[in-house]
file target.txt (compact mmCIF, C-alpha atoms and all ligand atoms)
# COMPACT_ATOMS: atom_id res chain seq x y z
CA MET I 1 -23.22 -40.54 10.18
CA ILE I 2 -21.77 -37.37 11.57
CA PRO I 3 -24.61 -34.81 11.75
CA PRO I 4 -24.13 -31.85 9.39
CA ALA I 5 -23.10 -28.53 10.90
CA ASN I 6 -25.73 -25.85 10.74
CA ALA I 7 -24.45 -23.83 7.85
CA SER I 8 -27.42 -21.49 7.74
CA PRO I 9 -26.41 -18.18 6.23
CA GLU I 10 -29.09 -16.45 8.32
CA ALA I 11 -27.89 -14.11 11.04
CA PRO I 12 -28.29 -15.62 14.51
CA ASN I 13 -31.50 -14.61 16.31
CA HIS I 14 -31.87 -11.67 18.66
CA GLN I 15 -30.44 -13.60 21.61
CA PHE I 16 -26.99 -13.40 20.08
CA ARG I 17 -25.42 -10.21 18.87
CA SER I 18 -21.72 -9.53 18.56
CA LEU I 19 -19.68 -6.39 17.98
CA SER I 20 -17.64 -8.30 15.41
CA PRO I 21 -18.56 -9.07 11.81
CA ALA I 22 -19.13 -12.73 11.00
CA VAL I 23 -16.43 -14.71 9.18
CA TRP I 24 -18.17 -16.23 6.18
CA ARG I 25 -15.99 -18.85 4.52
CA ALA I 26 -16.94 -20.34 1.15
CA SER I 27 -15.66 -21.80 -2.03
CA THR I 28 -19.14 -23.05 -2.96
CA VAL I 29 -22.02 -20.59 -2.89
CA LEU I 30 -25.40 -22.35 -2.77
CA PHE I 31 -28.33 -21.53 -5.07
CA ASP I 32 -32.01 -22.15 -4.27
CA THR I 33 -32.95 -23.32 -7.78
CA VAL I 34 -31.22 -24.49 -10.92
CA ALA I 35 -32.57 -21.36 -12.64
CA ASP I 36 -30.71 -19.26 -10.06
CA PHE I 37 -27.60 -21.30 -10.78
CA THR I 38 -27.73 -21.01 -14.56
CA SER I 39 -28.36 -17.27 -14.37
CA ARG I 40 -25.69 -16.73 -11.72
CA LYS I 41 -23.77 -14.26 -13.91
CA ASP I 42 -26.67 -11.84 -13.29
CA ARG I 43 -25.32 -11.47 -9.77
CA LEU I 44 -22.10 -9.89 -10.97
CA PHE I 45 -20.33 -7.77 -9.97
CA ASP I 46 -21.30 -7.23 -6.36
CA GLY I 47 -23.19 -10.43 -5.58
CA TYR I 48 -22.00 -13.91 -4.71
CA THR I 49 -21.48 -16.74 -7.19
CA TYR I 50 -18.26 -18.43 -6.09
CA GLY I 51 -15.88 -17.85 -3.21
CA VAL I 52 -13.13 -16.44 -5.41
CA THR I 53 -14.88 -13.07 -5.68
CA GLY I 54 -15.64 -12.96 -1.99
CA THR I 55 -18.17 -13.61 0.72
CA PRO I 56 -20.15 -11.15 2.89
CA THR I 57 -17.02 -10.75 5.06
CA THR I 58 -15.05 -9.62 1.98
CA ARG I 59 -17.82 -7.19 1.04
CA ALA I 60 -17.87 -5.76 4.58
CA LEU I 61 -14.17 -4.96 4.22
CA GLU I 62 -14.52 -3.62 0.66
CA GLU I 63 -17.42 -1.35 1.63
CA ARG I 64 -15.58 -0.04 4.66
CA VAL I 65 -12.40 0.71 2.69
CA ALA I 66 -14.43 2.35 -0.12
CA ALA I 67 -16.14 4.62 2.43
CA LEU I 68 -12.81 5.55 3.99
CA GLU I 69 -11.26 6.28 0.58
CA GLY I 70 -14.28 8.37 -0.44
CA ALA I 71 -14.74 5.99 -3.39
CA ARG I 72 -17.78 4.16 -4.76
CA HIS I 73 -16.09 0.79 -5.27
CA CYS I 74 -13.38 -1.39 -3.80
CA VAL I 75 -11.95 -4.81 -4.61
CA ALA I 76 -9.92 -6.69 -2.00
CA VAL I 77 -7.05 -8.83 -3.31
CA PRO I 78 -4.39 -11.03 -1.67
CA SER I 79 -1.65 -8.38 -1.26
CA GLY I 80 -0.60 -4.87 -2.15
CA GLN I 81 1.63 -6.21 -4.91
CA ALA I 82 -1.28 -8.32 -6.23
CA ALA I 83 -3.34 -5.12 -6.42
CA LEU I 84 -0.71 -3.29 -8.48
CA CYS I 85 -0.26 -6.21 -10.90
CA LEU I 86 -4.00 -6.84 -11.19
CA ILE I 87 -4.59 -3.24 -12.27
CA ALA I 88 -1.94 -3.55 -14.99
CA LEU I 89 -3.29 -6.90 -16.21
CA SER I 90 -6.86 -5.57 -16.27
CA LEU I 91 -6.15 -2.45 -18.31
CA LEU I 92 -3.08 -2.97 -20.52
CA LYS I 93 -2.58 -4.68 -23.85
CA SER I 94 0.34 -5.24 -26.20
CA GLY I 95 1.60 -1.95 -27.65
CA ASP I 96 0.64 0.11 -24.59
CA HIS I 97 3.03 2.18 -22.52
CA VAL I 98 3.04 2.94 -18.79
CA LEU I 99 4.91 5.40 -16.57
CA ILE I 100 6.09 4.36 -13.11
CA ALA I 101 7.53 6.60 -10.39
CA ASP I 102 11.16 5.60 -9.97
CA SER I 103 10.67 5.30 -6.19
CA ALA I 104 7.65 2.97 -6.54
CA TYR I 105 7.58 -0.39 -4.76
CA GLY I 106 10.43 -2.44 -6.25
CA PRO I 107 8.41 -5.52 -7.27
CA LEU I 108 6.10 -3.31 -9.37
CA ARG I 109 9.12 -2.11 -11.34
CA THR I 110 10.33 -5.71 -11.63
CA PHE I 111 6.88 -6.75 -12.88
CA ALA I 112 7.03 -4.07 -15.56
CA ARG I 113 10.57 -5.00 -16.61
CA ASP I 114 10.31 -8.82 -16.50
CA TYR I 115 6.65 -9.44 -17.31
CA LEU I 116 4.87 -6.51 -18.99
CA GLN I 117 7.80 -6.09 -21.35
CA ARG I 118 7.49 -9.75 -22.42
CA PHE I 119 3.88 -9.05 -23.41
CA GLY I 120 4.83 -6.04 -25.53
CA ILE I 121 3.97 -3.38 -22.95
CA GLU I 122 6.67 -0.74 -22.57
CA HIS I 123 7.38 1.33 -19.51
CA ASP I 124 9.49 4.26 -18.39
CA THR I 125 10.32 5.24 -14.86
CA PHE I 126 10.17 8.92 -13.98
CA ASP I 127 11.69 11.29 -11.44
CA PRO I 128 9.67 10.66 -8.25
CA SER I 129 9.59 14.42 -7.54
CA ALA I 130 7.79 14.98 -10.85
CA GLY I 131 5.01 17.46 -11.47
CA ALA I 132 4.20 19.29 -14.70
CA ASP I 133 7.40 17.90 -16.28
CA LEU I 134 5.71 14.50 -16.50
CA ALA I 135 3.74 15.77 -19.53
CA ALA I 136 6.88 15.44 -21.66
CA LEU I 137 7.00 11.68 -20.99
CA LEU I 138 3.46 10.90 -22.11
CA ARG I 139 3.21 9.06 -25.40
CA PRO I 140 0.10 8.46 -27.50
CA GLN I 141 0.31 4.84 -26.26
CA THR I 142 0.53 5.76 -22.55
CA GLN I 143 -2.37 4.24 -20.62
CA LEU I 144 -1.40 4.37 -16.95
CA VAL I 145 0.77 6.45 -14.62
CA PHE I 146 1.75 4.66 -11.41
CA LEU I 147 2.35 7.10 -8.54
CA GLU I 148 3.66 6.38 -5.07
CA SER I 149 3.88 9.48 -2.92
CA PRO I 150 5.91 9.57 -0.80
CA GLY I 151 8.08 6.73 -2.12
CA SER I 152 8.25 4.39 0.84
CA ILE I 153 12.08 4.28 1.07
CA THR I 154 13.42 7.55 -0.31
CA MET I 155 10.24 9.58 0.42
CA GLU I 156 10.14 11.81 -2.67
CA MET I 157 6.69 13.31 -3.30
CA GLN I 158 5.04 13.75 -6.65
CA ASP I 159 2.83 16.77 -7.34
CA ILE I 160 -0.36 14.71 -7.43
CA PRO I 161 -2.88 17.49 -8.30
CA THR I 162 -0.77 18.64 -11.25
CA ILE I 163 -0.18 15.10 -12.53
CA VAL I 164 -3.88 14.23 -12.17
CA LYS I 165 -4.79 17.28 -14.27
CA LEU I 166 -2.32 16.60 -17.04
CA ALA I 167 -3.17 12.89 -17.15
CA GLN I 168 -6.90 13.65 -17.34
CA ALA I 169 -6.26 16.07 -20.21
CA ALA I 170 -4.35 13.34 -22.06
CA GLY I 171 -6.92 10.60 -21.32
CA VAL I 172 -4.37 8.67 -19.23
CA ARG I 173 -5.42 6.96 -15.99
CA THR I 174 -3.61 7.56 -12.71
CA VAL I 175 -2.93 4.84 -10.14
CA LEU I 176 -1.76 5.90 -6.67
CA ASP I 177 -0.10 3.55 -4.19
CA ASN I 178 -1.34 5.35 -1.07
CA SER I 179 -0.03 2.86 1.47
CA TRP I 180 2.28 5.33 3.28
CA ALA I 181 -0.40 7.87 4.15
CA SER I 182 -3.45 5.59 4.18
CA PRO I 183 -6.80 7.28 3.42
CA LEU I 184 -6.47 9.05 6.80
CA GLY I 185 -3.54 11.02 5.42
CA PHE I 186 -4.64 11.45 1.82
CA ARG I 187 -7.81 10.59 -0.09
CA GLY I 188 -6.82 10.08 -3.70
CA VAL I 189 -10.19 9.38 -5.30
CA PRO I 190 -11.82 12.68 -4.21
CA ALA I 191 -8.60 14.36 -5.42
CA GLY I 192 -9.22 12.98 -8.92
CA VAL I 193 -6.93 9.93 -8.91
CA ASP I 194 -8.60 7.18 -10.94
CA ILE I 195 -7.43 4.17 -8.93
CA VAL I 196 -6.09 4.08 -5.35
CA VAL I 197 -4.22 1.09 -3.94
CA GLU I 198 -3.60 0.38 -0.28
CA ALA I 199 -1.20 -2.33 0.80
CA ALA I 200 -3.63 -3.21 3.60
CA SER I 201 -0.94 -5.56 4.95
CA LYS I 202 0.44 -2.41 6.55
CA LEU I 203 -1.44 0.40 8.31
CA LEU I 204 -5.01 -0.73 7.62
CA SER I 205 -4.64 -4.17 9.21
CA GLY I 206 -1.88 -2.87 11.46
CA HIS I 207 -0.38 -5.95 13.12
CA SER I 208 2.16 -7.36 10.63
CA ASP I 209 0.31 -10.68 10.51
CA LEU I 210 -1.46 -10.80 7.15
CA LEU I 211 -1.16 -9.86 3.48
CA LEU I 212 -3.95 -7.93 1.78
CA GLY I 213 -4.42 -5.26 -0.87
CA THR I 214 -7.32 -3.01 -1.79
CA ILE I 215 -8.18 -1.23 -5.04
CA ALA I 216 -10.58 1.71 -4.80
CA THR I 217 -12.18 3.64 -7.66
CA ASP I 218 -15.24 5.73 -8.46
CA ASN I 219 -15.39 4.34 -11.98
CA ARG I 220 -17.89 1.50 -12.40
CA SER I 221 -16.33 0.06 -15.56
CA LEU I 222 -12.87 -0.02 -13.94
CA TYR I 223 -14.39 -1.74 -10.91
CA GLU I 224 -16.01 -4.36 -13.14
CA ALA I 225 -12.73 -4.92 -14.97
CA PHE I 226 -10.89 -5.44 -11.67
CA ARG I 227 -13.55 -7.81 -10.31
CA THR I 228 -13.39 -9.83 -13.54
CA THR I 229 -9.59 -10.06 -13.49
CA GLN I 230 -9.68 -11.01 -9.83
CA SER I 231 -11.96 -13.92 -10.69
CA VAL I 232 -10.09 -15.03 -13.83
CA LEU I 233 -6.71 -14.94 -12.08
CA GLY I 234 -8.10 -16.60 -8.95
CA GLN I 235 -7.00 -13.75 -6.69
CA ALA I 236 -9.12 -14.83 -3.71
CA VAL I 237 -8.73 -13.38 -0.22
CA SER I 238 -9.39 -15.44 2.88
CA ALA I 239 -12.38 -14.44 4.99
CA GLU I 240 -10.20 -14.63 8.12
CA ASP I 241 -7.79 -12.08 6.68
CA CYS I 242 -10.70 -9.79 5.80
CA PHE I 243 -11.98 -10.19 9.35
CA LEU I 244 -8.56 -9.37 10.80
CA ALA I 245 -8.27 -6.31 8.56
CA LEU I 246 -11.74 -5.16 9.68
CA ARG I 247 -10.67 -5.61 13.28
CA GLY I 248 -7.45 -3.70 12.62
CA MET I 249 -9.47 -0.87 11.09
CA ASP I 250 -11.36 -0.45 14.37
CA THR I 251 -8.14 0.91 15.91
CA LEU I 252 -6.69 2.50 12.77
CA GLU I 253 -7.45 6.08 13.76
CA VAL I 254 -5.80 5.88 17.21
CA ARG I 255 -2.85 3.83 15.97
CA TYR I 256 -2.33 6.20 13.07
CA ALA I 257 -2.46 9.34 15.26
CA HIS I 258 -0.03 7.85 17.78
CA GLN I 259 2.38 6.37 15.25
CA CYS I 260 2.47 9.53 13.10
CA ALA I 261 3.19 11.72 16.14
CA SER I 262 5.93 9.32 17.30
CA ALA I 263 7.43 9.22 13.80
CA LEU I 264 7.62 13.01 13.78
CA ALA I 265 9.32 12.99 17.20
CA VAL I 266 11.84 10.39 16.01
CA ALA I 267 12.46 12.29 12.75
CA SER I 268 13.06 15.55 14.64
CA ALA I 269 15.49 13.89 17.07
CA LEU I 270 17.43 12.27 14.20
CA ALA I 271 17.54 15.53 12.22
CA SER I 272 19.70 17.15 14.88
CA HIS I 273 21.94 14.10 15.40
CA GLU I 274 25.53 14.50 14.27
CA ALA I 275 25.63 10.94 12.85
CA VAL I 276 22.77 11.67 10.46
CA ALA I 277 23.29 13.38 7.10
CA GLU I 278 19.60 13.76 6.22
CA VAL I 279 16.23 12.67 7.53
CA LEU I 280 13.63 11.79 4.91
CA PHE I 281 10.15 12.42 6.31
CA PRO I 282 7.91 14.91 4.46
CA PRO I 283 5.79 15.86 7.52
CA ARG I 284 8.90 17.32 9.22
CA PRO I 285 9.33 21.03 8.57
CA GLY I 286 12.66 21.36 6.81
CA ASP I 287 12.27 18.13 4.83
CA ARG I 288 12.96 18.57 1.11
CA SER I 289 9.33 17.52 0.32
CA HIS I 290 7.62 19.23 3.25
CA ALA I 291 5.94 22.00 1.22
CA ARG I 292 4.37 19.48 -1.16
CA TRP I 293 3.20 17.29 1.71
CA GLU I 294 1.68 20.25 3.53
CA ALA I 295 -0.11 21.45 0.41
CA THR I 296 -1.85 18.15 -0.38
CA PHE I 297 -1.93 15.76 2.60
CA THR I 298 -4.05 15.90 5.74
CA GLY I 299 -1.92 13.46 7.74
CA GLY I 300 1.49 11.89 7.96
CA GLY I 301 2.81 8.37 8.03
CA CYS I 302 4.66 6.09 10.41
CA VAL I 303 7.57 5.33 8.06
CA LEU I 304 10.66 7.50 7.78
CA SER I 305 14.17 7.07 6.48
CA PHE I 306 17.52 8.60 7.20
CA VAL I 307 20.87 8.79 5.50
CA PRO I 308 23.50 7.97 8.12
CA HIS I 309 27.07 9.24 8.11
CA PHE I 310 28.32 5.62 8.03
CA ARG I 311 31.81 5.35 6.59
CA SER I 312 30.57 2.50 4.40
CA ASP I 313 27.57 0.17 4.20
CA ALA I 314 29.51 -2.23 6.44
CA ALA I 315 29.11 0.24 9.31
CA ALA I 316 25.38 -0.51 9.23
CA HIS I 317 26.07 -3.88 10.85
CA PRO I 318 27.07 -2.61 14.33
CA PHE I 319 24.17 -0.13 14.18
CA PHE I 320 21.60 -2.84 13.50
CA SER I 321 23.18 -5.28 15.96
CA ALA I 322 22.96 -2.68 18.73
CA LEU I 323 19.24 -1.97 18.25
CA ARG I 324 17.14 -3.34 21.10
CA LEU I 325 13.58 -2.05 20.60
CA PHE I 326 13.65 -1.90 16.82
CA GLN I 327 13.61 -5.28 15.13
CA ILE I 328 15.02 -5.92 11.68
CA GLY I 329 12.45 -6.65 9.01
CA ALA I 330 10.68 -5.57 5.85
CA SER I 331 7.16 -4.20 5.62
CA TRP I 332 5.78 -1.62 8.02
CA GLY I 333 2.68 -0.06 9.53
CA GLY I 334 2.35 -2.55 12.42
CA VAL I 335 2.49 -1.91 16.15
CA HIS I 336 6.10 -3.09 16.51
CA SER I 337 8.88 -0.77 15.39
CA LEU I 338 11.05 -2.11 12.58
CA ALA I 339 14.31 -1.10 10.93
CA ALA I 340 15.61 -2.03 7.48
CA PHE I 341 18.70 -1.16 5.48
CA TYR I 342 18.90 -0.32 1.78
CA PRO I 343 22.59 -0.37 0.74
CA GLN I 344 24.07 2.27 -1.51
CA ALA I 345 24.12 -0.20 -4.44
CA GLU I 346 20.31 -0.34 -4.43
CA GLN I 347 19.97 3.42 -4.84
CA SER I 348 22.54 3.50 -7.63
CA LYS I 349 20.50 0.92 -9.60
CA ARG I 350 17.63 3.38 -9.84
CA GLN I 351 17.49 5.79 -12.76
CA HIS I 352 16.29 8.86 -10.86
CA CYS I 353 17.58 8.61 -7.31
CA ALA I 354 18.94 11.69 -5.56
CA PHE I 355 20.77 9.56 -2.97
CA ASN I 356 24.05 7.79 -3.46
CA ALA I 357 24.29 6.32 0.04
CA GLY I 358 22.96 3.54 2.24
CA ILE I 359 19.55 4.40 3.70
CA VAL I 360 18.03 3.24 6.99
CA ARG I 361 14.24 2.95 6.98
CA LEU I 362 12.24 2.92 10.21
CA SER I 363 8.64 1.89 10.75
CA ILE I 364 7.45 3.44 13.99
CA GLY I 365 5.14 1.33 16.11
CA VAL I 366 3.28 2.09 19.31
CA GLU I 367 6.20 1.95 21.75
CA PRO I 368 6.93 5.17 23.72
CA PRO I 369 8.77 7.52 21.33
CA ALA I 370 11.36 8.53 23.97
CA LYS I 371 12.41 4.88 24.24
CA LEU I 372 12.65 4.54 20.47
CA ILE I 373 14.81 7.67 20.25
CA ALA I 374 17.08 6.39 23.03
CA ASP I 375 17.42 3.06 21.23
CA LEU I 376 18.47 4.80 18.00
CA GLU I 377 20.92 7.07 19.83
CA GLN I 378 22.72 4.20 21.51
CA ALA I 379 22.86 2.25 18.24
CA LEU I 380 24.28 5.26 16.36
CA GLN I 381 26.88 5.58 19.12
CA ALA I 382 27.77 1.88 18.75
CA ALA I 383 28.17 2.38 14.99
CA ALA I 384 30.40 5.43 15.54
CA ALA I 385 32.68 3.41 17.80
CA HIS I 386 33.51 1.05 14.91
C1 LIG S 1 4.68 1.14 -0.81
C2 LIG S 1 4.33 -0.30 -0.91
N1 LIG S 1 3.40 -0.69 -1.78
C3 LIG S 1 3.05 -1.98 -1.91
C4 LIG S 1 3.65 -2.94 -1.15
C5 LIG S 1 3.23 -4.35 -1.35
O1 LIG S 1 2.36 -4.75 -0.35
P1 LIG S 1 2.25 -6.28 0.06
O2 LIG S 1 3.38 -6.56 0.98
O3 LIG S 1 0.90 -6.37 0.69
O4 LIG S 1 2.33 -7.05 -1.21
C6 LIG S 1 4.62 -2.60 -0.22
C7 LIG S 1 5.26 -3.64 0.61
O5 LIG S 1 6.25 -3.43 1.27
C8 LIG S 1 5.00 -1.25 -0.11
O6 LIG S 1 5.96 -0.86 0.73

call {"tool": "encode", "arguments": {"input": "target.txt", "output": "structure tokens", "more": "lines below"}}
Ligand SMILES: Cc1ncc(COP(=O)(O)O)c(C=O)c1O
result
Amino acid sequence: MIPPANASPEAPNHQFRSLSPAVWRASTVLFDTVADFTSRKDRLFDGYTYGVTGTPTTRALEERVAALEGARHCVAVPSGQAALCLIALSLLKSGDHVLIADSAYGPLRTFARDYLQRFGIEHDTFDPSAGADLAALLRPQTQLVFLESPGSITMEMQDIPTIVKLAQAAGVRTVLDNSWASPLGFRGVPAGVDIVVEAASKLLSGHSDLLLGTIATDNRSLYEAFRTTQSVLGQAVSAEDCFLALRGMDTLEVRYAHQCASALAVASALASHEAVAEVLFPPRPGDRSHARWEATFTGGGCVLSFVPHFRSDAAAHPFFSALRLFQIGASWGGVHSLAAFYPQAEQSKRQHCAFNAGIVRLSIGVEPPAKLIADLEQALQAAAAH
């Protein structure tokens, strides 16, 4: 018989200490007695009963993210999109109504249109530069307002403090997708936002190699609702991914500082380039949302967009083919710089989009900014030659 591995959950003795958290894997959680087993629900919502709601590695990540967000509670889920959907499924019922910023992550809007609607939950999208005007869109049935500020492609900013105030007065909960800024750039919970989502696949983990989402809140009953839905829907997160996110968070502050500064340098260089109609990056003085960013945020982001003077969307092809340092791909927040293209047709599908043009989005990594700027300049030149 193969001898059993030592699966002791005890920490190793004093002769072994590591700087890294342990990776605790489990579907089964063991109980000392049958009485412990039959009363296992008493361990909810923070304890351990079954792997689906996490292991000590999951809790280490959740506690660290909660502390960073300035929130009491956090639930880790398999992706940023899973976090957004899980919030909706936890809190909405047939007959309810939700508001979604028109610039919010596309799959959230698809979820509202193709799924929530089927279950009798209505939604409206709103101008992503909204502030006090949002009050006019609230209905007696409105339960949630989904914010994403800035919107991660077109970069419009909502007036979060004003929206928080008017939502609180109406008894409506606010949900902020804070993935662009991360808690280093904006802490939503201390600012009064009820629920803050991070697509931890991006800046928090930082290496473009895993999918993870976090939901932070100060409200105990919301936390319990999210933990319950996570369990019922089987939204488990792997301990390895939690470990990798914890490791990524060790370098978050230096990556963030470097990438934000590089993004600002790239944005400034593009703003004075003749092939660029407009740069979309709120931290840049002169940006259409700069005043709002400056008034509410403490840090920037590593994602920016620009509207090129391409004659048509087809002119994007030589631009992207000429890029050498930037690689083509979705998602962002990792150490490698990425470029993506959102054709004019995608903007025109939105109800409240100020742009009727193709948009290039850049995620700035840790490469030297001068090299990134040179790469963009030569690619813009290649596009102009076509
Ligand atoms: C702003 C924003 N929120 C949420 C998500 C979803 O995150 P994930 O890829 O972890 O599902 C993304 C992904 O691109 C995003 O850009």

call {"tool": "residues_near_ligand", "arguments": {"input": "target.txt", "ligand": "ligand LIG 1 (chain S)", "cutoff": "9 Å", "atoms": "all atoms listed in the file", "output": "MDAnalysis selection string"}}
result
chainID I and resid 78:84 104:108 148:153 177:180 197:202 210:213 330:332

call {"tool": "residues_around", "arguments": {"input": "target.txt", "residues": "I:Thr228", "least_positions_apart": "3", "cutoff": "12 Å", "atoms": "all atoms listed in the file", "output": "list in words"}}
result
Lys41, Leu44, Phe45, Asp46, Val52, Thr53, Val75, Leu86, Ile87, Leu89, Ser90, Leu91, Ser221, Leu222, Tyr223, Glu224, Ala225, Ser231, Val232, Leu233, Gly234, Gln235 and Ala236 of chain I

call {"tool": "closest_atom_pairs", "arguments": {"input": "target.txt", "of": "stretch 125-195 of chain I", "to": "stretch 251-254 of chain I", "cutoff": "12 Å", "atoms": "all atoms listed in the file", "output": "Markdown table"}}
result
| residue | atom | partner | partner_atom | distance |
| --- | --- | --- | --- | --- |
| I:Ala181 | CA | I:Leu252 | CA | 11.9 |
| I:Ser182 | CA | I:Leu252 | CA | 9.7 |
| I:Pro183 | CA | I:Glu253 | CA | 10.4 |
| I:Leu184 | CA | I:Glu253 | CA | 7.6 |
| I:Gly185 | CA | I:Glu253 | CA | 10.5 |

call {"tool": "closest_residue", "arguments": {"input": "target.txt", "among": "I:Gln378, I:Thr162, I:Asn356, I:Gln351", "to": "I:Arg109", "atoms": "only C-alpha atoms"}}
result
I:Gln351

call {"tool": "closest_residue", "arguments": {"input": "target.txt", "among": "I:Ala275, I:Ala374, I:Leu304, I:Cys74", "to": "I:Arg324", "atoms": "all atoms listed in the file"}}
result
I:Ala374

call {"tool": "closest_residue", "arguments": {"input": "target.txt", "among": "I:Ala71, I:Glu156, I:Asp42, I:Ala5", "to": "I:Cys353", "atoms": "only C-alpha atoms"}}
result
I:Glu156

call {"tool": "atom_distance", "arguments": {"input": "target.txt", "atom1": "atom CA of I:Val98", "atom2": "atom CA of I:Phe146"}}
result
7.7 Å

call {"tool": "closest_residue", "arguments": {"input": "target.txt", "among": "I:Leu204, I:Leu264, I:Leu176, I:Val189", "to": "I:Leu362", "atoms": "all atoms listed in the file"}}
result
I:Leu264
